[in-house]
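Undergrad: See structure-v4.txt below, with compact mmCIF, C-alpha atoms.
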# COMPACT_ATOMS: atom_id res chain seq x y z
CA MET A 1 10.38 -20.26 -26.53
CA PHE A 2 12.95 -22.24 -24.64
CA GLN A 3 15.43 -22.66 -27.50
CA LYS A 4 18.85 -21.16 -27.37
CA SER A 5 19.78 -18.98 -30.32
CA SER A 6 22.07 -15.93 -30.27
CA SER A 7 24.58 -15.18 -27.54
CA PRO A 8 23.13 -14.23 -24.15
CA ASN A 9 25.13 -11.00 -24.01
CA LEU A 10 23.60 -9.69 -27.20
CA ARG A 11 20.14 -10.75 -26.14
CA PHE A 12 20.63 -9.12 -22.76
CA VAL A 13 21.50 -5.77 -24.35
CA VAL A 14 18.56 -6.04 -26.78
CA PHE A 15 16.05 -6.73 -24.01
CA VAL A 16 17.41 -4.07 -21.68
CA ILE A 17 17.05 -1.49 -24.45
CA LEU A 18 13.60 -2.83 -25.29
CA SER A 19 12.52 -2.49 -21.64
CA ILE A 20 13.78 1.07 -21.45
CA ILE A 21 12.00 2.00 -24.70
CA LEU A 22 8.80 0.41 -23.36
CA MET A 23 9.04 2.37 -20.11
CA VAL A 24 9.63 5.67 -21.88
CA VAL A 25 6.79 5.12 -24.35
CA ASP A 26 4.40 3.86 -21.67
CA HIS A 27 5.18 6.72 -19.35
CA HIS A 28 5.10 9.57 -21.84
CA GLN A 29 2.52 8.58 -24.39
CA GLY A 30 0.44 5.71 -23.09
CA HIS A 31 0.06 4.14 -26.55
CA LEU A 32 0.59 0.73 -24.99
CA LYS A 33 -2.92 0.31 -23.61
CA VAL A 34 -3.56 -2.45 -26.15
CA ILE A 35 -0.57 -4.50 -25.02
CA ARG A 36 -1.42 -3.96 -21.38
CA SER A 37 -5.03 -4.99 -21.76
CA ALA A 38 -4.05 -8.05 -23.84
CA LEU A 39 -1.58 -9.16 -21.16
CA SER A 40 -4.10 -8.45 -18.43
CA ALA A 41 -6.41 -11.01 -20.05
CA LEU A 42 -3.59 -13.51 -19.35
CA VAL A 43 -3.12 -12.41 -15.74
CA TYR A 44 -6.82 -12.12 -14.87
CA PRO A 45 -7.55 -15.88 -14.70
CA LEU A 46 -4.67 -16.32 -12.23
CA GLN A 47 -6.00 -13.58 -10.01
CA TYR A 48 -9.45 -15.09 -10.28
CA VAL A 49 -8.15 -18.49 -9.16
CA VAL A 50 -6.26 -16.94 -6.23
CA ASN A 51 -9.52 -15.35 -5.18
CA LEU A 52 -11.53 -18.57 -5.34
CA PRO A 53 -10.77 -19.92 -1.82
CA ILE A 54 -11.85 -16.60 -0.30
CA GLU A 55 -15.09 -16.63 -2.23
CA ALA A 56 -15.63 -20.26 -1.29
CA THR A 57 -15.27 -19.55 2.45
CA GLU A 58 -17.63 -16.62 2.11
CA TRP A 59 -20.16 -18.77 0.29
CA ILE A 60 -19.88 -21.52 2.92
CA SER A 61 -20.32 -19.12 5.82
CA LEU A 62 -23.31 -17.64 3.99
CA THR A 63 -24.97 -21.01 3.43
CA LEU A 64 -24.37 -22.11 7.01
CA VAL A 65 -26.11 -19.10 8.56
CA THR A 66 -28.97 -20.13 10.81
CA HIS A 67 -32.58 -19.44 10.04
CA ASN A 68 -32.79 -17.22 13.10
CA THR A 69 -29.93 -14.94 12.04
CA LEU A 70 -31.49 -14.59 8.63
CA LEU A 71 -34.80 -13.59 10.16
CA LYS A 72 -33.09 -11.01 12.33
CA GLU A 73 -31.12 -9.65 9.41
CA ASN A 74 -34.26 -9.50 7.30
CA ASP A 75 -35.97 -7.52 10.04
CA ARG A 76 -33.11 -5.09 10.27
CA LEU A 77 -32.95 -4.67 6.52
CA LYS A 78 -36.67 -3.96 6.34
CA GLN A 79 -36.28 -1.24 8.93
CA ASP A 80 -33.31 0.19 7.08
CA HIS A 81 -35.26 0.12 3.87
CA LEU A 82 -38.18 1.99 5.39
CA LEU A 83 -35.87 4.60 6.86
CA LEU A 84 -33.98 5.06 3.61
CA SER A 85 -37.10 5.30 1.47
CA SER A 86 -38.48 8.03 3.70
CA LYS A 87 -35.18 9.87 3.36
CA LEU A 88 -35.24 9.33 -0.38
CA GLN A 89 -38.68 10.95 -0.67
CA ARG A 90 -37.31 14.09 0.86
CA TYR A 91 -34.26 13.89 -1.34
CA GLU A 92 -36.32 13.56 -4.51
CA VAL A 93 -38.33 16.65 -3.65
CA LEU A 94 -35.13 18.55 -3.00
CA GLU A 95 -33.60 17.33 -6.21
CA THR A 96 -36.50 18.46 -8.38
CA GLU A 97 -36.54 21.76 -6.57
CA ASN A 98 -32.82 22.15 -7.07
CA ARG A 99 -33.11 21.35 -10.76
CA ARG A 100 -35.93 23.86 -11.17
CA LEU A 101 -33.94 26.57 -9.43
CA ARG A 102 -30.93 25.82 -11.57
CA GLU A 103 -33.05 26.03 -14.68
CA LEU A 104 -34.15 29.45 -13.52
CA LEU A 105 -30.50 30.38 -13.15
CA GLU A 106 -29.79 28.81 -16.55
CA SER A 107 -26.93 26.79 -15.18
CA SER A 108 -26.22 23.46 -16.75
CA PHE A 109 -26.34 20.74 -14.18
CA ARG A 110 -27.22 17.25 -15.14
CA ILE A 111 -27.26 14.20 -13.02
CA ASN A 112 -26.59 11.01 -14.84
CA ASP A 113 -26.80 8.27 -12.31
CA LYS A 114 -25.91 5.14 -14.19
CA VAL A 115 -24.08 2.86 -11.79
CA LEU A 116 -22.80 -0.71 -11.77
CA VAL A 117 -21.71 -2.90 -8.87
CA ALA A 118 -18.24 -4.40 -9.23
CA GLU A 119 -16.43 -6.81 -7.00
CA LEU A 120 -12.92 -6.48 -5.72
CA ILE A 121 -10.63 -9.27 -6.84
CA ALA A 122 -7.19 -8.14 -5.73
CA VAL A 123 -5.51 -5.56 -3.57
CA GLU A 124 -2.24 -3.77 -4.33
CA LEU A 125 0.84 -5.85 -3.78
CA GLN A 126 3.09 -3.12 -2.39
CA SER A 127 1.93 -1.48 0.77
CA PHE A 128 3.09 2.05 -0.05
CA ARG A 129 0.77 2.14 -3.03
CA ARG A 130 -3.00 1.96 -2.78
CA GLN A 131 -4.54 0.19 -5.70
CA ILE A 132 -7.19 -2.47 -6.17
CA VAL A 133 -8.37 -4.63 -9.06
CA ILE A 134 -12.07 -5.01 -9.78
CA ASN A 135 -13.85 -7.59 -11.91
CA LYS A 136 -15.40 -5.26 -14.49
CA GLY A 137 -13.62 -4.06 -17.60
CA GLN A 138 -14.08 -3.00 -21.21
CA ARG A 139 -16.96 -5.44 -21.68
CA GLU A 140 -19.02 -3.53 -19.13
CA GLY A 141 -18.02 -0.12 -20.50
CA ALA A 142 -15.41 0.90 -17.95
CA TYR A 143 -13.12 3.71 -19.08
CA ASP A 144 -9.88 5.34 -17.95
CA GLY A 145 -10.51 7.84 -15.18
CA GLN A 146 -13.90 6.44 -14.22
CA PRO A 147 -14.88 7.29 -10.62
CA ILE A 148 -15.37 4.45 -8.15
CA VAL A 149 -17.45 4.95 -5.01
CA ASP A 150 -18.78 2.80 -2.21
CA ALA A 151 -21.86 3.21 -0.05
CA SER A 152 -20.31 5.96 2.05
CA GLY A 153 -18.05 7.96 -0.22
CA ILE A 154 -15.57 8.28 -3.07
CA MET A 155 -12.99 5.49 -3.29
CA GLY A 156 -10.88 6.30 -6.34
CA GLN A 157 -10.68 6.13 -10.09
CA ILE A 158 -9.80 3.59 -12.77
CA VAL A 159 -6.28 3.81 -14.19
CA HIS A 160 -6.06 0.75 -16.45
CA VAL A 161 -8.93 -0.98 -18.19
CA GLY A 162 -8.53 -4.61 -19.23
CA PRO A 163 -11.02 -6.77 -21.11
CA PHE A 164 -12.46 -8.32 -17.93
CA SER A 165 -10.87 -6.37 -15.08
CA SER A 166 -9.69 -2.87 -14.25
CA THR A 167 -7.13 -1.39 -11.90
CA VAL A 168 -8.37 1.31 -9.55
CA ILE A 169 -6.13 3.86 -7.84
CA LEU A 170 -7.53 4.75 -4.42
CA ILE A 171 -7.76 8.32 -3.16
CA THR A 172 -5.22 7.43 -0.45
CA ASP A 173 -2.49 6.55 -2.99
CA PRO A 174 0.39 9.04 -2.79
CA ASN A 175 -0.07 9.73 -6.52
CA HIS A 176 -3.72 10.65 -6.29
CA ALA A 177 -5.20 14.12 -5.85
CA LEU A 178 -8.89 14.94 -5.77
CA PRO A 179 -10.58 18.35 -6.11
CA VAL A 180 -12.83 18.83 -3.09
CA GLN A 181 -14.77 21.50 -1.25
CA VAL A 182 -15.85 21.96 2.33
CA ASN A 183 -19.58 21.28 2.49
CA ARG A 184 -20.29 24.01 5.06
CA ASN A 185 -18.93 26.98 3.12
CA GLY A 186 -17.82 25.75 -0.30
CA LEU A 187 -14.13 26.37 0.34
CA ARG A 188 -12.18 24.62 -2.42
CA ALA A 189 -9.08 22.52 -1.88
CA ILE A 190 -7.19 19.51 -3.17
CA ALA A 191 -7.17 16.26 -1.16
CA VAL A 192 -3.94 14.33 -1.65
CA GLY A 193 -3.30 10.72 -0.64
CA MET A 194 -0.47 9.87 1.72
CA GLY A 195 -0.19 6.11 1.31
CA GLN A 196 -2.01 5.51 4.60
CA ASN A 197 -5.42 3.92 4.74
CA ASP A 198 -7.18 6.41 6.98
CA LYS A 199 -5.64 9.77 6.09
CA LEU A 200 -5.81 12.36 3.34
CA LEU A 201 -4.04 15.71 3.32
CA LEU A 202 -5.82 18.92 2.29
CA GLU A 203 -3.19 20.89 0.45
CA HIS A 204 -2.53 24.61 0.30
CA LEU A 205 -5.14 25.87 2.76
CA PRO A 206 -4.00 29.13 4.35
CA ASN A 207 -3.64 29.36 8.12
CA ASN A 208 -6.70 31.59 8.43
CA ALA A 209 -9.00 29.46 6.27
CA ASP A 210 -12.45 28.88 7.71
CA ILE A 211 -12.33 25.20 8.57
CA ARG A 212 -13.23 23.27 11.68
CA VAL A 213 -12.67 19.77 12.90
CA GLY A 214 -15.66 17.64 11.90
CA ASP A 215 -16.46 19.56 8.69
CA LEU A 216 -17.67 17.34 5.88
CA VAL A 217 -15.55 17.46 2.74
CA ILE A 218 -17.25 16.60 -0.56
CA SER A 219 -16.05 16.27 -4.15
CA SER A 220 -16.27 19.55 -6.02
CA GLY A 221 -16.62 18.11 -9.51
CA LEU A 222 -13.96 20.48 -10.82
CA GLY A 223 -11.76 18.80 -13.38
CA ARG A 224 -14.84 16.97 -14.66
CA ARG A 225 -13.60 13.59 -13.56
CA PHE A 226 -15.50 12.95 -10.37
CA PRO A 227 -19.19 13.69 -9.95
CA GLN A 228 -20.03 16.64 -7.72
CA GLY A 229 -21.26 16.29 -4.17
CA TYR A 230 -20.11 12.85 -3.14
CA PRO A 231 -18.69 12.70 0.40
CA VAL A 232 -14.92 12.36 0.58
CA GLY A 233 -14.22 12.57 4.30
CA GLN A 234 -14.39 14.46 7.52
CA ILE A 235 -11.79 16.87 8.85
CA GLU A 236 -10.03 15.09 11.65
CA ASN A 237 -7.14 17.27 12.63
CA ILE A 238 -5.97 20.81 11.89
CA SER A 239 -2.54 22.02 12.92
CA ARG A 240 -1.83 25.71 12.39
CA LYS A 241 1.75 26.78 12.94
CA PRO A 242 2.32 30.54 12.82
CA GLY A 243 5.68 30.13 11.06
CA GLU A 244 4.31 28.13 8.15
CA PRO A 245 2.29 29.51 5.26
CA PHE A 246 -0.24 26.67 5.09
CA ALA A 247 -2.25 24.85 7.71
CA LYS A 248 -1.82 21.09 7.87
CA VAL A 249 -5.32 19.67 7.54
CA MET A 250 -5.96 15.93 7.75
CA ILE A 251 -9.19 14.31 6.70
CA LYS A 252 -10.49 10.86 7.40
CA PRO A 253 -11.97 9.26 4.26
CA SER A 254 -15.62 8.35 4.60
CA ALA A 255 -15.41 5.45 2.15
CA LYS A 256 -14.47 2.17 3.77
CA LEU A 257 -11.33 1.85 1.71
CA SER A 258 -9.92 -1.25 3.34
CA GLN A 259 -13.19 -3.05 4.02
CA SER A 260 -15.46 -2.81 1.01
CA ARG A 261 -15.63 -5.89 -1.17
CA GLU A 262 -18.31 -4.46 -3.44
CA VAL A 263 -17.75 -1.11 -5.08
CA LEU A 264 -19.87 1.03 -7.39
CA MET A 265 -18.71 2.24 -10.78
CA VAL A 266 -20.29 5.58 -11.69
CA TRP A 267 -20.89 7.12 -15.09
CA PRO A 268 -21.26 10.75 -14.05
CA TYR A 269 -21.33 12.34 -17.51
CA GLU A 270 -23.42 11.29 -20.45
CA ASN A 271 -20.62 11.16 -22.95
CA ASN A 272 -17.49 10.21 -21.14
CA ASN A 273 -15.25 9.90 -24.15
CA GLU A 274 -15.79 13.53 -24.95
CA VAL A 275 -14.84 14.48 -21.43
CA ASP A 276 -11.72 12.39 -21.70
CA LYS A 277 -10.72 14.08 -24.92
CA GLU A 278 -11.37 17.43 -23.35
CA ILE A 279 -9.15 16.59 -20.40
CA ASP A 280 -6.43 15.22 -22.67
CA GLY A 281 -6.63 18.43 -24.66
CA LEU A 282 -6.20 20.46 -21.49
CA ALA A 283 -3.27 18.33 -20.44
CA ILE A 284 -1.51 18.91 -23.77
CA GLN A 285 -1.97 22.64 -23.51
CA MET B 1 23.34 -32.89 -29.11
CA ILE B 2 19.91 -33.06 -27.54
CA GLY B 3 16.92 -34.13 -29.58
CA ILE B 4 13.95 -31.80 -29.73
CA GLU B 5 11.70 -34.33 -27.98
CA GLU B 6 14.06 -34.50 -25.04
CA SER B 7 14.64 -30.76 -24.81
CA ARG B 8 10.92 -30.08 -24.59
CA GLN B 9 10.39 -32.59 -21.84
CA GLY B 10 9.02 -30.98 -18.71
CA ASN B 11 8.33 -27.58 -20.20
CA TRP B 12 4.90 -27.74 -18.60
CA ILE B 13 6.50 -28.14 -15.16
CA ILE B 14 8.52 -24.97 -15.74
CA VAL B 15 5.45 -23.07 -16.94
CA LEU B 16 3.41 -24.41 -14.03
CA SER B 17 6.02 -23.29 -11.49
CA PHE B 18 5.95 -19.78 -12.97
CA ILE B 19 2.14 -19.74 -12.84
CA MET B 20 2.30 -20.77 -9.18
CA ALA B 21 4.83 -18.00 -8.52
CA ILE B 22 2.59 -15.37 -10.14
CA MET B 23 -0.37 -16.62 -8.11
CA LEU B 24 1.62 -16.50 -4.88
CA THR B 25 2.51 -12.92 -5.78
CA ALA B 26 -1.19 -12.08 -6.01
CA LEU B 27 -2.16 -13.91 -2.82
CA PRO B 28 -3.86 -11.52 -0.40
CA LEU B 29 -1.82 -10.96 2.77
CA PRO B 30 -2.53 -9.02 5.95
CA GLU B 31 -1.42 -5.40 5.86
CA TRP B 32 1.75 -5.84 7.93
CA ALA B 33 2.97 -8.78 5.86
CA VAL B 34 2.61 -7.20 2.44
CA ASN B 35 6.12 -5.79 2.35
CA TRP B 36 7.61 -9.08 3.51
CA ARG B 37 6.27 -11.03 0.58
CA PRO B 38 9.16 -12.86 -1.13
CA SER B 39 9.83 -12.06 -4.79
CA TRP B 40 8.41 -15.41 -5.88
CA VAL B 41 8.76 -14.94 -9.61
CA ALA B 42 12.36 -13.75 -9.30
CA ILE B 43 13.56 -16.69 -7.20
CA VAL B 44 11.78 -19.29 -9.31
CA LEU B 45 13.34 -17.64 -12.36
CA ILE B 46 16.79 -17.78 -10.74
CA TYR B 47 16.34 -21.48 -10.04
CA TRP B 48 15.44 -22.37 -13.64
CA CYS B 49 18.15 -20.12 -15.08
CA MET B 50 20.63 -21.93 -12.87
CA ALA B 51 19.33 -25.43 -13.55
CA VAL B 52 18.47 -25.24 -17.26
CA PRO B 53 20.10 -22.07 -18.65
CA ASP B 54 19.62 -23.34 -22.20
CA ARG B 55 15.86 -23.30 -21.85
CA VAL B 56 14.98 -20.53 -19.42
CA GLY B 57 16.81 -17.37 -20.26
CA ILE B 58 16.49 -13.70 -20.91
CA LEU B 59 13.46 -13.92 -23.21
CA VAL B 60 11.45 -15.83 -20.60
CA ALA B 61 12.58 -13.40 -17.90
CA TRP B 62 11.52 -10.42 -19.96
CA PHE B 63 8.09 -11.84 -20.72
CA LEU B 64 7.52 -12.72 -17.05
CA GLY B 65 8.52 -9.18 -16.16
CA LEU B 66 5.87 -7.80 -18.51
CA LEU B 67 3.24 -10.00 -16.86
CA LEU B 68 4.34 -8.72 -13.44
CA ASP B 69 4.14 -5.14 -14.72
CA VAL B 70 0.55 -5.69 -15.80
CA GLN B 71 -0.32 -7.47 -12.57
CA GLN B 72 1.13 -4.74 -10.36
CA SER B 73 0.20 -1.96 -12.80
CA THR B 74 3.69 -0.52 -12.79
CA VAL B 75 5.01 1.16 -15.94
CA LEU B 76 5.46 -1.47 -18.69
CA GLY B 77 9.09 -2.60 -18.74
CA GLN B 78 9.99 -1.94 -15.12
CA ASN B 79 9.87 -5.50 -13.83
CA ALA B 80 10.88 -6.70 -17.28
CA LEU B 81 14.14 -4.78 -16.95
CA GLY B 82 14.74 -6.08 -13.42
CA LEU B 83 14.09 -9.72 -14.27
CA THR B 84 16.20 -9.46 -17.44
CA LEU B 85 19.12 -8.29 -15.30
CA ILE B 86 18.59 -11.12 -12.82
CA ALA B 87 18.46 -13.71 -15.59
CA PHE B 88 21.63 -12.26 -17.11
CA PHE B 89 23.53 -12.43 -13.81
CA THR B 90 22.39 -15.99 -13.16
CA ILE B 91 23.18 -17.23 -16.65
CA ASN B 92 26.66 -15.78 -16.38
CA SER B 93 27.35 -17.39 -13.03
CA TYR B 94 25.34 -20.62 -13.03
CA GLN B 95 28.38 -22.91 -13.08
CA ARG B 96 29.84 -21.25 -10.01
CA MET B 97 26.44 -21.05 -8.26
CA ARG B 98 25.78 -24.77 -8.73
CA ALA B 99 29.02 -25.52 -6.88
CA TYR B 100 28.19 -23.33 -3.89
CA PRO B 101 26.58 -24.74 -0.75
CA LEU B 102 22.94 -23.78 -0.26
CA LEU B 103 23.62 -21.04 2.27
CA GLN B 104 26.16 -19.33 0.08
CA GLN B 105 23.73 -19.52 -2.83
CA ALA B 106 21.10 -17.91 -0.65
CA VAL B 107 23.37 -15.00 0.25
CA LEU B 108 24.35 -14.44 -3.37
CA ILE B 109 20.69 -14.50 -4.41
CA GLY B 110 19.92 -12.03 -1.63
CA PHE B 111 22.39 -9.64 -3.27
CA TYR B 112 20.91 -10.21 -6.74
CA LEU B 113 17.46 -9.41 -5.36
CA LEU B 114 18.68 -6.30 -3.56
CA PHE B 115 20.02 -5.12 -6.90
CA TYR B 116 16.67 -5.95 -8.54
CA GLU B 117 14.81 -3.90 -5.93
CA LEU B 118 17.27 -1.06 -6.34
CA ILE B 119 16.49 -0.98 -10.08
CA MET B 120 12.74 -1.03 -9.31
CA LEU B 121 13.21 1.82 -6.85
CA TRP B 122 15.23 3.85 -9.35
CA VAL B 123 12.54 3.52 -11.99
CA ALA B 124 9.75 4.21 -9.49
CA GLY B 125 11.66 7.17 -8.06
CA TYR B 126 12.24 8.58 -11.54
CA LEU B 127 8.47 8.42 -12.13
CA GLY B 128 7.85 10.04 -8.74
CA LYS B 129 6.50 6.88 -7.14
CA GLY B 130 9.39 6.01 -4.85
CA THR B 131 9.23 5.14 -1.19
CA ARG B 132 11.50 5.69 1.78
CA ASP B 133 10.02 2.94 3.87
CA TRP B 134 12.78 0.58 5.05
CA THR B 135 10.50 -2.45 4.72
CA TYR B 136 10.72 -1.92 0.95
CA TRP B 137 13.92 -4.01 0.98
CA MET B 138 12.43 -6.91 2.92
CA PRO B 139 11.45 -9.11 -0.07
CA ALA B 140 15.16 -9.69 -0.76
CA PHE B 141 15.63 -10.86 2.83
CA THR B 142 12.57 -13.15 2.96
CA SER B 143 13.43 -14.59 -0.47
CA MET B 144 16.92 -15.34 0.83
CA LEU B 145 15.51 -17.21 3.81
CA LEU B 146 13.16 -19.11 1.56
CA TRP B 147 15.74 -20.09 -1.04
CA PRO B 148 17.01 -23.39 0.47
CA TRP B 149 13.47 -24.79 0.72
CA LEU B 150 12.47 -23.61 -2.73
CA PHE B 151 15.70 -25.01 -4.16
CA ILE B 152 15.05 -28.45 -2.69
CA ILE B 153 11.41 -28.55 -3.84
CA LEU B 154 12.20 -27.45 -7.38
CA ARG B 155 15.25 -29.77 -7.56
CA ASP B 156 13.15 -32.77 -6.56
CA LEU B 157 10.53 -31.80 -9.14
CA ARG B 158 13.20 -31.41 -11.77
CA ARG B 159 14.71 -34.81 -11.00
CA LYS B 160 11.34 -36.52 -10.89
CA TYR B 161 10.33 -35.21 -14.31
CA ASN B 162 13.85 -35.55 -15.63
CA ILE B 163 14.20 -31.98 -16.85
CA SER B 164 17.63 -31.06 -18.08
Kindly present the structure from the file in structure tokens form.
TA:
Amino acid sequence: MFQKSSSPNLRFVVFVILSIILMVVDHHQGHLKVIRSALSALVYPLQYVVNLPIEATEWISLTLVTHNTLLKENDRLKQDHLLLSSKLQRYEVLETENRRLRELLESSFRINDKVLVAELIAVELQSFRRQIVINKGQREGAYDGQPIVDASGIMGQIVHVGPFSSTVILITDPNHALPVQVNRNGLRAIAVGMGQNDKLLLEHLPNNADIRVGDLVISSGLGRRFPQGYPVGQIENISRKPGEPFAKVMIKPSAKLSQSREVLMVWPYENNNEVDKEIDGLAIQ
Amino acid sequence: MIGIEESRQGNWIIVLSFIMAIMLTALPLPEWAVNWRPSWVAIVLIYWCMAVPDRVGILVAWFLGLLLDVQQSTVLGQNALGLTLIAFFTINSYQRMRAYPLLQQAVLIGFYLLFYELIMLWVAGYLGKGTRDWTYWMPAFTSMLLWPWLFIILRDLRRKYNIS
């Protein structure tokens, strides 16, 4: 590996061309998933080791908690649990009713709620991009385009799957767009990331669209990538300028994008590979 | 003529320094400091290309670049291209660079890194992932400030383990 062989000039040209070929192939075709996931198995241990001190401090602070705090927390959790189970009862009734009504309408609507908790092991290294790395990969059945949510809303989707880890692009990344609808009236729109932690832009809404500050925005499930009906955010600010064709609508994401350490991976459709093929097919057309 | 035994001596130190650099790249930082993170891998690579150009060269640079691409999930080949260029510059100028005083080395390396970031920005911009944030260029500056210290640490390591 460290031996000198041919002249550096020749080698330089060879490797520059090789890099350019790699970039073109990776960008246009994405046949290089195998290479990427093999190399990510090399990088993963390093990221794991970097993360160890943080986990250690968390573990220490957890073991040093006093008995009293634990009792209090337990109390609070019990109350929360009671509250949530009562809410869940209502929700289950509504869900069965909803399913029955949909059956009457003969619409196909299936909920597949397989989920898995993953832990965050790294955050994006450049601040203008919003990506995270989680500690679940191929072994656990993660796939490209898989939705990631936290307790309060949609966080993003997986872009690269490695053997033991996956990279997730957050909804606030400038390259991410998410089909959404306003919960109050079903108005459809696209929520685009802006590279800022607490802002999303709703694109192409006309000036006279029926939206108000405080409206809840949920995922619409169009595009068959994200499950339908998960909260995305709340409308924070609307600026309508008469001279411009579209209103500028900002929403505040409901997921705690910069705080969550545990995230949920969702399998919204029963056969995800088929969906992926379908989407790829659409993209080619 | 160097015997094979001698030429392999200390390879593990070189590999270890690169592993440390990759780990420092992944180290979580507060939000405001993220863009000021020095390009660890690039400056460690420059040091070894300058000190032992026969052993650390373009192939090593390219492979490190691929690892960085996977770590930062950029398009495969982006960092590989940048680091290859840096290694090429350094290998072509190592005799002159060794003769420079530390400060002058630091300035030259600052320019190399600016060029590296420019290449990264070109590729990212071509893929529609560019940025206009001025702090994008800060790694070159912080790496420049860090160079004298890094140089001294790595030089002492190199002398201690007799790597040449």
Undergrad: Please provide as a list in words all residues within 8 Å of A:Gln131, with the sequence filter that same-chain residues fewer than 4 positions apart are discarded (counting only C-alpha atoms).
TA: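 Contacts, with the query itself left out: Val123, Glu124, Thr167, Val168, Ile169, Leu170 and Asp173 of chain A.
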Undergrad: Using only C-alpha atoms, find which residues of chain B lie within 9 Å of chain A and jot them down as a PyMOL selection string.
TA: chain B and resi 7-8+11+19-20+22-29+31-35+37+53-60+62+66-73+75-82+84-85+87-88+91-92+123+127-131+133+136
Undergrad: So, counting all atoms listed in the file, which residue among B:Met138, B:Val41, B:Leu114, B:Leu83 is closest to B:Ser17?
TA: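 Ranking B:Met138, B:Val41, B:Leu114, B:Leu83 by distance to B:Ser17, first place goes to B:Val41.
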Undergrad: May I have the residues at most 8 Å from (13.9, -28.5, -12.5) in the file's coordinates, counting only C-alpha atoms, as an MDAnalysis selection string?
TA: chainID B and resid 13:14 47:48 51:52 154:159 161:164
Undergrad: So the first atom is atom CA of A:Ile251 and the second is atom CA of A:Trp267; what is the distance between them in Å, to one decimal place?
TA: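 Distance reported for this atom pair: 25.8 Å.
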Undergrad: What does the distance between atom CA of B:Ala106 and atom CA of B:Gln9 come to in Å, to one decimal place?
TA: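 Between atom CA of B:Ala106 and atom CA of B:Gln9 the gap works out to 27.9 Å.
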Undergrad: From the options A:Gln259, A:Thr69, A:Ile235, A:Pro163, which residue's atoms come nearest to A:Gly141, counting all atoms listed in the file?
TA: A:Pro163
Undergrad: Suppose you want the space between atom CA of A:Thr96 and atom CA of A:Gln228; what is it in Å?
TA: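 We find that atom CA of A:Thr96 and atom CA of A:Gln228 lie 16.6 Å from each other.
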Undergrad: Would you give the centre and edge lengths, in Å to one decimal, of a box along x, y and z around the listed atoms of stretch 70-87 of chain A, with 6 Å added to each side, as JSON?
TA:
{"center_x": -34.8, "center_y": -2.4, "center_z": 6.9, "size_x": 19.4, "size_y": 36.5, "size_z": 22.9}
Undergrad: Between A:Ile134, A:Ile211, A:Leu264, A:Leu200, which one has atoms that come closest to A:Arg188, using only C-alpha atoms?
TA: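 Closest to A:Arg188 of all the choices is A:Ile211.
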Undergrad: Between B:Gln104, B:Val44, B:Tyr94, B:Leu118, single out the one closest to B:Ile153, counting all atoms listed in the file.
TA: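 Once distances to B:Ile153 are computed over all atoms listed in the file, the minimum belongs to B:Val44.
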